[in-house]
Each structure stands twice: as structure tokens, then as C-alpha cells.
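Asks: Here's a structure for you.
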Amino acid sequence: LALDVPSADELARYLDDPEPRVRAAAIAQATEHTPDGFDQVLLAALGDAERVVRRDAVKALRELVEILPPLGTLDELHASPDAAVRAIVLYLLRTQGVGNAEIYRTFVSDPDTRVRLEAVSALTSIDDGDGVTSACDDEDREVRVAAAKALGTIAAPAGATALVRLCDDADSLVRAAALASLGSLGPAKDPASRVALIERGLADPGWRVREGAVK
């Protein structure tokens, strides 16, 4: 089939093959040739029983994101038991501009860090500062850092309270990101307290925190 440039319908038949390697080969051909309807082949593979097949489909969708046709809101995949699938769903919704705050906020409390990071990115893309703020207390440092940077990108004054709180985070990378983002919010309502916060950052033992204070 690969020699004759297979159609999406021809490849889709192989997604029902009992052997995972065959199903993965079908995904590889859909990725290489991108026939009309290839996106449906890849989306169908996201529900495969084997993780390796789902992984290949996720990788292909990321690789081909710029040529994907409109996919809709992918509601049927939101509750996938595979975190990699949930993460790619958020990525696709964000890049295609079809997601909304209600959907994105749901994933801020996802049990998987990768999904929560995608949720923060998605919320940032629609300037949802309140949604991003809800991620500032995440148990994972990486998510708190992402949330702090996102609030700086959105630059909404309402994010100042959350950033000030993150400036006292136990993790130096979070403190650094929070301080750097504060500079994007414009003048503080209480300049004296903001100066005190910056001075404390300049005296922090972590060089990244001091750098954030300088910014």
C-alpha cells in the first residue's frame, strides 16, 4: 500500500488489526503520506488499546499540527485514561483556537503534570488570568513556574496578588519566575511593598531569584 500512496480508508482498516505493530505501521503511513482524511486515522488511533500505538498517534499529531484540518472540540477524548492523549487534546484545541476557558480550566486539576502544563498554556492563549491563577498552588514546581510566567505574559493587574504570593514560594525557580513576571504588570498599588519585595529578591541566595528581581 505504501508504494501506491494509500488512502485514509485503506489505512483505517489496519487500525482493527490484532497486532499493535501493524496498527502502528498504519499510523506511520498516514503520517508520511497524509492522504485526505489522515487526521481521522490519527484521531482514531488515540483510542487504541496499546500505549505504543497511542504514543505514535500523539507524536504524529504534534508533527503535523500545521496542516491538520479543523478537528472540533474533540469532546470524546477529554476523559481518555491516557494522560498523553489528554495533553495532545489540549494542545490541539489551543493551536486550532477552538477551546474555551470552561474546557481548559477543567484540566488544571488533572492528576498528570503534563496535562496541567498544557492547561496553563491553553489558558494563557486566551488571556484567562483567573484560570491561570488557579494553577499557582499546584503541587508540582514546574506547573507553578509555568503559571507565574503565564501571568507575566497575560499582564493582567489582577494577577499581582498571586505573583506576590509566589515570591515567597519554597522553590527558588518559582520565586524567580514570579519576580520576573511582576515587572510586566505595571505600577503597583502599593509601591513601598513592591520595592520591599524586590529588595528581598535581590538578597536571595538563589542567583535566578536575584536575576528575576533585577527584571
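Chain identifiers are assigned as A, B, and so on, following the order in which chains appear in the C-alpha cells; residues are numbered from 1 within each chain, and ligands are numbered from 1 in order of appearance.
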Applying 10 Å and only C-alpha atoms, which residues near A:Gly47 remain after dropping the ones on its own chain fewer than 3 positions away? List them as number ranges by chain.
Replies: A: 42-44, 50-51, 53-54, 57, 76-77, 80-82, 85
Asks: Pick the closest to A:Arg23 from A:Asp56, A:Asp112, A:Asp127, A:Asp168: which is it, counting only C-alpha atoms?
Replies: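 Using only C-alpha atoms, the shortest distance to A:Arg23 belongs to A:Asp56.
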Asks: Need to verify the contact set: A:Ala122, 10 Å, only C-alpha atoms, exclusion of same-chain residues closer than 4 positions in sequence. Can you return it as number ranges by chain?
Replies: A: 90-95, 97, 99-101, 103-105, 107, 116-118, 126-128, 131-132
Asks: Okay, now the selection with C-alpha atoms, as a CSV table (one decimal), in the first residue's frame?
Replies:
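Result file is result.csv:
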chain,number,residue,atom,x,y,z
A,90,LEU,CA,-5.4,20.4,24.9
A,91,TYR,CA,-2.5,21.1,22.5
A,92,LEU,CA,-4.8,20.7,19.5
A,93,LEU,CA,-7.6,22.8,21.0
A,94,ARG,CA,-5.1,25.6,21.7
A,95,THR,CA,-3.3,25.5,18.4
A,97,GLY,CA,-8.2,28.1,18.6
A,99,GLY,CA,-11.0,25.6,23.1
A,100,ASN,CA,-12.5,27.8,25.8
A,101,ALA,CA,-12.0,28.7,29.4
A,103,ILE,CA,-12.7,23.3,28.9
A,104,TYR,CA,-9.2,24.4,29.8
A,105,ARG,CA,-10.0,25.1,33.5
A,107,PHE,CA,-7.7,20.2,33.2
A,116,ARG,CA,-1.8,20.6,33.7
A,117,LEU,CA,1.1,22.3,31.9
A,118,GLU,CA,-0.9,22.1,28.7
A,126,ILE,CA,-7.0,33.1,25.7
A,127,ASP,CA,-5.7,35.5,28.4
A,128,ASP,CA,-7.6,33.8,31.2
A,131,GLY,CA,-7.8,30.3,35.3
A,132,VAL,CA,-4.0,30.6,35.4
Asks: Find the distance between atom CA of A:Ser109 and atom CA of A:Leu179 and write it in Å to one decimal.
Replies: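 So the answer is 24.7 Å.
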Asks: Here is a test: counting only C-alpha atoms, which residue of A:Ala119, A:Ala150, A:Ala28, A:Leu74 is nearest to A:Pro6?
Replies: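 Looking at the shortest contact to A:Pro6, the residue is A:Ala28.
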Asks: Would you give me, as a PyMOL selection string, the residues in stretch 70-184 of chain A that DSSP reads as helix (DSSP H, G or I)?
Replies: chain A and resi 75-77+83-96+101-109+113-125+129-133+141-154+157-166+172-182
Asks: Create the file for the chosen residues now, containing C-alpha atoms and written as a PDB file, in the first residue's frame.
Replies:
ATOM      1  CA  ASP A  75     -15.149  16.016  23.347  1.00  0.00           C
ATOM      2  CA  GLU A  76     -14.939  12.235  23.106  1.00  0.00           C
ATOM      3  CA  LEU A  77     -11.234  12.331  24.047  1.00  0.00           C
ATOM      4  CA  ALA A  83      -2.530  11.419  30.050  1.00  0.00           C
ATOM      5  CA  ALA A  84      -0.617  11.749  26.783  1.00  0.00           C
ATOM      6  CA  VAL A  85      -3.920  11.763  24.907  1.00  0.00           C
ATOM      7  CA  ARG A  86      -5.464  14.341  27.223  1.00  0.00           C
ATOM      8  CA  ALA A  87      -2.375  16.512  26.773  1.00  0.00           C
ATOM      9  CA  ILE A  88      -2.483  16.327  22.967  1.00  0.00           C
ATOM     10  CA  VAL A  89      -6.182  17.194  23.049  1.00  0.00           C
ATOM     11  CA  LEU A  90      -5.391  20.421  24.897  1.00  0.00           C
ATOM     12  CA  TYR A  91      -2.512  21.136  22.542  1.00  0.00           C
ATOM     13  CA  LEU A  92      -4.751  20.717  19.507  1.00  0.00           C
ATOM     14  CA  LEU A  93      -7.563  22.799  20.984  1.00  0.00           C
ATOM     15  CA  ARG A  94      -5.083  25.599  21.714  1.00  0.00           C
ATOM     16  CA  THR A  95      -3.293  25.549  18.380  1.00  0.00           C
ATOM     17  CA  GLN A  96      -6.571  25.409  16.442  1.00  0.00           C
ATOM     18  CA  ALA A 101     -11.985  28.679  29.403  1.00  0.00           C
ATOM     19  CA  GLU A 102     -14.519  26.148  30.649  1.00  0.00           C
ATOM     20  CA  ILE A 103     -12.706  23.280  28.948  1.00  0.00           C
ATOM     21  CA  TYR A 104      -9.215  24.443  29.830  1.00  0.00           C
ATOM     22  CA  ARG A 105      -9.986  25.094  33.499  1.00  0.00           C
ATOM     23  CA  THR A 106     -11.235  21.537  33.873  1.00  0.00           C
ATOM     24  CA  PHE A 107      -7.748  20.235  33.151  1.00  0.00           C
ATOM     25  CA  VAL A 108      -5.970  22.481  35.677  1.00  0.00           C
ATOM     26  CA  SER A 109      -6.759  19.842  38.304  1.00  0.00           C
ATOM     27  CA  THR A 113       1.611  17.198  35.338  1.00  0.00           C
ATOM     28  CA  ARG A 114       1.906  17.156  31.544  1.00  0.00           C
ATOM     29  CA  VAL A 115      -1.795  17.802  31.174  1.00  0.00           C
ATOM     30  CA  ARG A 116      -1.798  20.596  33.739  1.00  0.00           C
ATOM     31  CA  LEU A 117       1.088  22.278  31.914  1.00  0.00           C
ATOM     32  CA  GLU A 118      -0.854  22.133  28.661  1.00  0.00           C
ATOM     33  CA  ALA A 119      -3.853  23.584  30.505  1.00  0.00           C
ATOM     34  CA  VAL A 120      -1.787  26.561  31.670  1.00  0.00           C
ATOM     35  CA  SER A 121      -0.543  27.147  28.121  1.00  0.00           C
ATOM     36  CA  ALA A 122      -4.085  26.936  26.798  1.00  0.00           C
ATOM     37  CA  LEU A 123      -5.427  29.369  29.393  1.00  0.00           C
ATOM     38  CA  THR A 124      -2.600  31.757  28.570  1.00  0.00           C
ATOM     39  CA  SER A 125      -3.552  31.655  24.898  1.00  0.00           C
ATOM     40  CA  GLY A 129      -5.727  35.178  34.165  1.00  0.00           C
ATOM     41  CA  ASP A 130      -8.182  33.799  36.710  1.00  0.00           C
ATOM     42  CA  GLY A 131      -7.806  30.322  35.263  1.00  0.00           C
ATOM     43  CA  VAL A 132      -4.023  30.563  35.382  1.00  0.00           C
ATOM     44  CA  THR A 133      -4.149  31.834  38.952  1.00  0.00           C
ATOM     45  CA  ARG A 141       7.049  23.144  40.834  1.00  0.00           C
ATOM     46  CA  GLU A 142       7.042  23.028  37.056  1.00  0.00           C
ATOM     47  CA  VAL A 143       3.373  23.977  36.927  1.00  0.00           C
ATOM     48  CA  ARG A 144       3.808  26.833  39.404  1.00  0.00           C
ATOM     49  CA  VAL A 145       6.702  28.177  37.329  1.00  0.00           C
ATOM     50  CA  ALA A 146       4.580  27.973  34.187  1.00  0.00           C
ATOM     51  CA  ALA A 147       1.697  29.733  35.943  1.00  0.00           C
ATOM     52  CA  ALA A 148       3.970  32.530  37.168  1.00  0.00           C
ATOM     53  CA  LYS A 149       5.385  33.088  33.684  1.00  0.00           C
ATOM     54  CA  ALA A 150       1.891  32.961  32.196  1.00  0.00           C
ATOM     55  CA  LEU A 151       0.644  35.701  34.500  1.00  0.00           C
ATOM     56  CA  GLY A 152       3.509  37.859  33.280  1.00  0.00           C
ATOM     57  CA  THR A 153       2.558  37.127  29.674  1.00  0.00           C
ATOM     58  CA  ILE A 154      -1.093  37.977  30.245  1.00  0.00           C
ATOM     59  CA  PRO A 157      -3.134  43.537  37.148  1.00  0.00           C
ATOM     60  CA  ALA A 158      -5.415  41.021  38.887  1.00  0.00           C
ATOM     61  CA  GLY A 159      -2.555  38.515  38.786  1.00  0.00           C
ATOM     62  CA  ALA A 160      -0.404  40.619  41.111  1.00  0.00           C
ATOM     63  CA  THR A 161      -1.769  39.023  44.288  1.00  0.00           C
ATOM     64  CA  ALA A 162      -0.926  35.526  43.089  1.00  0.00           C
ATOM     65  CA  LEU A 163       2.541  36.582  41.951  1.00  0.00           C
ATOM     66  CA  VAL A 164       3.312  38.249  45.259  1.00  0.00           C
ATOM     67  CA  ARG A 165       2.362  35.001  46.997  1.00  0.00           C
ATOM     68  CA  LEU A 166       4.613  33.021  44.654  1.00  0.00           C
ATOM     69  CA  SER A 172      13.718  29.285  44.030  1.00  0.00           C
ATOM     70  CA  LEU A 173      12.684  28.755  40.399  1.00  0.00           C
ATOM     71  CA  VAL A 174       9.113  29.691  41.269  1.00  0.00           C
ATOM     72  CA  ARG A 175      10.268  32.785  43.149  1.00  0.00           C
ATOM     73  CA  ALA A 176      12.435  33.795  40.192  1.00  0.00           C
ATOM     74  CA  ALA A 177       9.592  33.431  37.693  1.00  0.00           C
ATOM     75  CA  ALA A 178       7.188  35.335  39.926  1.00  0.00           C
ATOM     76  CA  LEU A 179       9.552  38.254  40.422  1.00  0.00           C
ATOM     77  CA  ALA A 180      10.327  38.491  36.714  1.00  0.00           C
ATOM     78  CA  SER A 181       6.613  38.485  35.872  1.00  0.00           C
ATOM     79  CA  LEU A 182       5.794  41.221  38.350  1.00  0.00           C
TER      80      LEU A 182
END
Asks: Do a neighbour search on A:Val41 at 12 Å with only C-alpha atoms, toss out local chain neighbours closer than 3 positions, and write the hits as an NGL selection string.
Replies: :A and (7-16 or 23-31 or 34-38 or 44-48 or 53-54 or 56-58 or 60-61 or 68)
Asks: Take the residues that were just selected and, keeping N, CA, C and O atoms, output them as a short mmCIF file (atom, residue, chain, number, x, y, z; two decimals), in the first residue's frame.
Replies:
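Generated file (out23.cif):
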data_model
loop_
_atom_site.label_atom_id
_atom_site.label_comp_id
_atom_site.auth_asym_id
_atom_site.auth_seq_id
_atom_site.Cartn_x
_atom_site.Cartn_y
_atom_site.Cartn_z
N SER A 7 -4.89 5.37 0.63
CA SER A 7 -5.93 6.32 1.04
C SER A 7 -6.16 6.16 2.54
O SER A 7 -5.75 5.16 3.16
N ALA A 8 -6.84 7.13 3.12
CA ALA A 8 -7.14 7.06 4.56
C ALA A 8 -8.03 5.86 4.86
O ALA A 8 -7.85 5.18 5.88
N ASP A 9 -8.98 5.56 3.98
CA ASP A 9 -9.87 4.41 4.20
C ASP A 9 -9.09 3.11 4.19
O ASP A 9 -9.36 2.20 4.99
N GLU A 10 -8.13 3.01 3.30
CA GLU A 10 -7.32 1.78 3.23
C GLU A 10 -6.49 1.63 4.50
O GLU A 10 -6.36 0.52 5.04
N LEU A 11 -5.95 2.71 4.99
CA LEU A 11 -5.14 2.64 6.21
C LEU A 11 -6.00 2.39 7.44
O LEU A 11 -5.59 1.67 8.36
N ALA A 12 -7.19 2.97 7.45
CA ALA A 12 -8.07 2.82 8.61
C ALA A 12 -8.42 1.36 8.88
O ALA A 12 -8.61 0.95 10.03
N ARG A 13 -8.49 0.56 7.83
CA ARG A 13 -8.81 -0.87 8.01
C ARG A 13 -7.77 -1.56 8.88
O ARG A 13 -8.08 -2.51 9.62
N TYR A 14 -6.54 -1.10 8.79
CA TYR A 14 -5.46 -1.75 9.55
C TYR A 14 -5.47 -1.36 11.03
O TYR A 14 -4.75 -1.95 11.84
N LEU A 15 -6.26 -0.36 11.39
CA LEU A 15 -6.35 0.01 12.81
C LEU A 15 -7.12 -1.02 13.61
O LEU A 15 -7.11 -0.99 14.85
N ASP A 16 -7.79 -1.94 12.92
CA ASP A 16 -8.51 -3.02 13.60
C ASP A 16 -7.68 -4.31 13.65
O ASP A 16 -8.16 -5.34 14.16
N ARG A 23 -0.91 -1.86 13.43
CA ARG A 23 -1.64 -0.61 13.65
C ARG A 23 -0.67 0.57 13.67
O ARG A 23 -0.97 1.65 13.13
N ALA A 24 0.49 0.38 14.29
CA ALA A 24 1.49 1.44 14.32
C ALA A 24 2.01 1.74 12.91
O ALA A 24 2.29 2.89 12.57
N ALA A 25 2.14 0.70 12.08
CA ALA A 25 2.59 0.90 10.71
C ALA A 25 1.57 1.72 9.92
O ALA A 25 1.94 2.55 9.08
N ALA A 26 0.30 1.52 10.20
CA ALA A 26 -0.74 2.30 9.53
C ALA A 26 -0.62 3.78 9.90
O ALA A 26 -0.78 4.66 9.05
N ILE A 27 -0.32 4.04 11.16
CA ILE A 27 -0.13 5.42 11.60
C ILE A 27 1.08 6.04 10.90
O ILE A 27 1.06 7.19 10.47
N ALA A 28 2.15 5.26 10.79
CA ALA A 28 3.36 5.75 10.14
C ALA A 28 3.08 6.14 8.68
O ALA A 28 3.57 7.17 8.20
N GLN A 29 2.29 5.33 8.00
CA GLN A 29 1.97 5.63 6.60
C GLN A 29 1.05 6.85 6.49
O GLN A 29 1.19 7.66 5.57
N ALA A 30 0.11 6.97 7.41
CA ALA A 30 -0.77 8.14 7.41
C ALA A 30 0.04 9.41 7.64
O ALA A 30 -0.23 10.46 7.05
N THR A 31 1.05 9.31 8.49
CA THR A 31 1.91 10.46 8.79
C THR A 31 2.79 10.83 7.60
O THR A 31 2.98 12.00 7.30
N THR A 34 0.01 11.56 4.40
CA THR A 34 -1.09 12.50 4.72
C THR A 34 -2.18 12.54 3.64
O THR A 34 -2.46 13.59 3.07
N PRO A 35 -2.79 11.41 3.37
CA PRO A 35 -3.89 11.40 2.38
C PRO A 35 -5.10 12.15 2.96
O PRO A 35 -5.16 12.40 4.17
N ASP A 36 -6.04 12.50 2.13
CA ASP A 36 -7.26 13.13 2.62
C ASP A 36 -7.90 12.25 3.69
O ASP A 36 -8.09 11.04 3.48
N GLY A 37 -8.19 12.86 4.84
CA GLY A 37 -8.76 12.09 5.94
C GLY A 37 -7.74 11.48 6.88
O GLY A 37 -8.09 10.74 7.81
N PHE A 38 -6.45 11.80 6.68
CA PHE A 38 -5.41 11.22 7.55
C PHE A 38 -5.63 11.59 9.01
O PHE A 38 -5.28 10.85 9.92
N ALA A 44 -8.46 8.36 15.52
CA ALA A 44 -8.98 7.05 15.89
C ALA A 44 -7.94 6.26 16.67
O ALA A 44 -8.27 5.54 17.62
N ALA A 45 -6.68 6.42 16.30
CA ALA A 45 -5.60 5.68 16.97
C ALA A 45 -5.38 6.16 18.40
O ALA A 45 -4.79 5.45 19.21
N LEU A 46 -5.86 7.35 18.74
CA LEU A 46 -5.73 7.83 20.11
C LEU A 46 -6.54 6.99 21.09
O LEU A 46 -6.30 7.02 22.30
N GLY A 47 -7.50 6.24 20.57
CA GLY A 47 -8.30 5.36 21.42
C GLY A 47 -7.83 3.92 21.40
O GLY A 47 -8.53 3.04 21.92
N ASP A 48 -6.66 3.67 20.83
CA ASP A 48 -6.13 2.30 20.74
C ASP A 48 -5.87 1.72 22.12
O ASP A 48 -5.56 2.45 23.07
N VAL A 53 0.85 2.45 20.42
CA VAL A 53 0.11 2.94 19.26
C VAL A 53 -0.41 4.35 19.52
O VAL A 53 -0.33 5.23 18.65
N ARG A 54 -0.94 4.55 20.71
CA ARG A 54 -1.42 5.89 21.08
C ARG A 54 -0.27 6.89 21.05
O ARG A 54 -0.42 8.02 20.60
N ASP A 56 2.42 6.82 19.21
CA ASP A 56 2.76 7.17 17.83
C ASP A 56 1.76 8.15 17.24
O ASP A 56 2.13 9.06 16.48
N ALA A 57 0.49 7.98 17.58
CA ALA A 57 -0.55 8.90 17.08
C ALA A 57 -0.36 10.29 17.66
O ALA A 57 -0.50 11.30 16.95
N VAL A 58 -0.03 10.37 18.94
CA VAL A 58 0.21 11.66 19.59
C VAL A 58 1.39 12.36 18.93
O VAL A 58 1.33 13.56 18.61
N ALA A 60 2.55 11.94 15.93
CA ALA A 60 2.20 12.33 14.56
C ALA A 60 1.34 13.59 14.55
O ALA A 60 1.55 14.48 13.71
N LEU A 61 0.40 13.70 15.46
CA LEU A 61 -0.46 14.88 15.51
C LEU A 61 0.34 16.13 15.84
O LEU A 61 0.08 17.21 15.28
N LEU A 68 -3.13 20.18 9.85
CA LEU A 68 -4.37 19.50 10.25
C LEU A 68 -5.59 20.33 9.87
O LEU A 68 -5.59 21.55 10.04
#
Asks: Could you check the closest approach to A:Pro205 for each of A:Glu32, A:Val52, A:Asp171, A:Glu63 and tell me which residue wins, using only C-alpha atoms?
Replies: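 That would be A:Asp171, the residue with the smallest distance to A:Pro205.
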Asks: Point out the residue among A:Cys167, A:Ala192, A:Leu185, A:Leu71 with the least atom-to-atom distance to A:Arg210, counting only C-alpha atoms.
Replies: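 Answer, going by the shortest atom-to-atom distance: A:Cys167.
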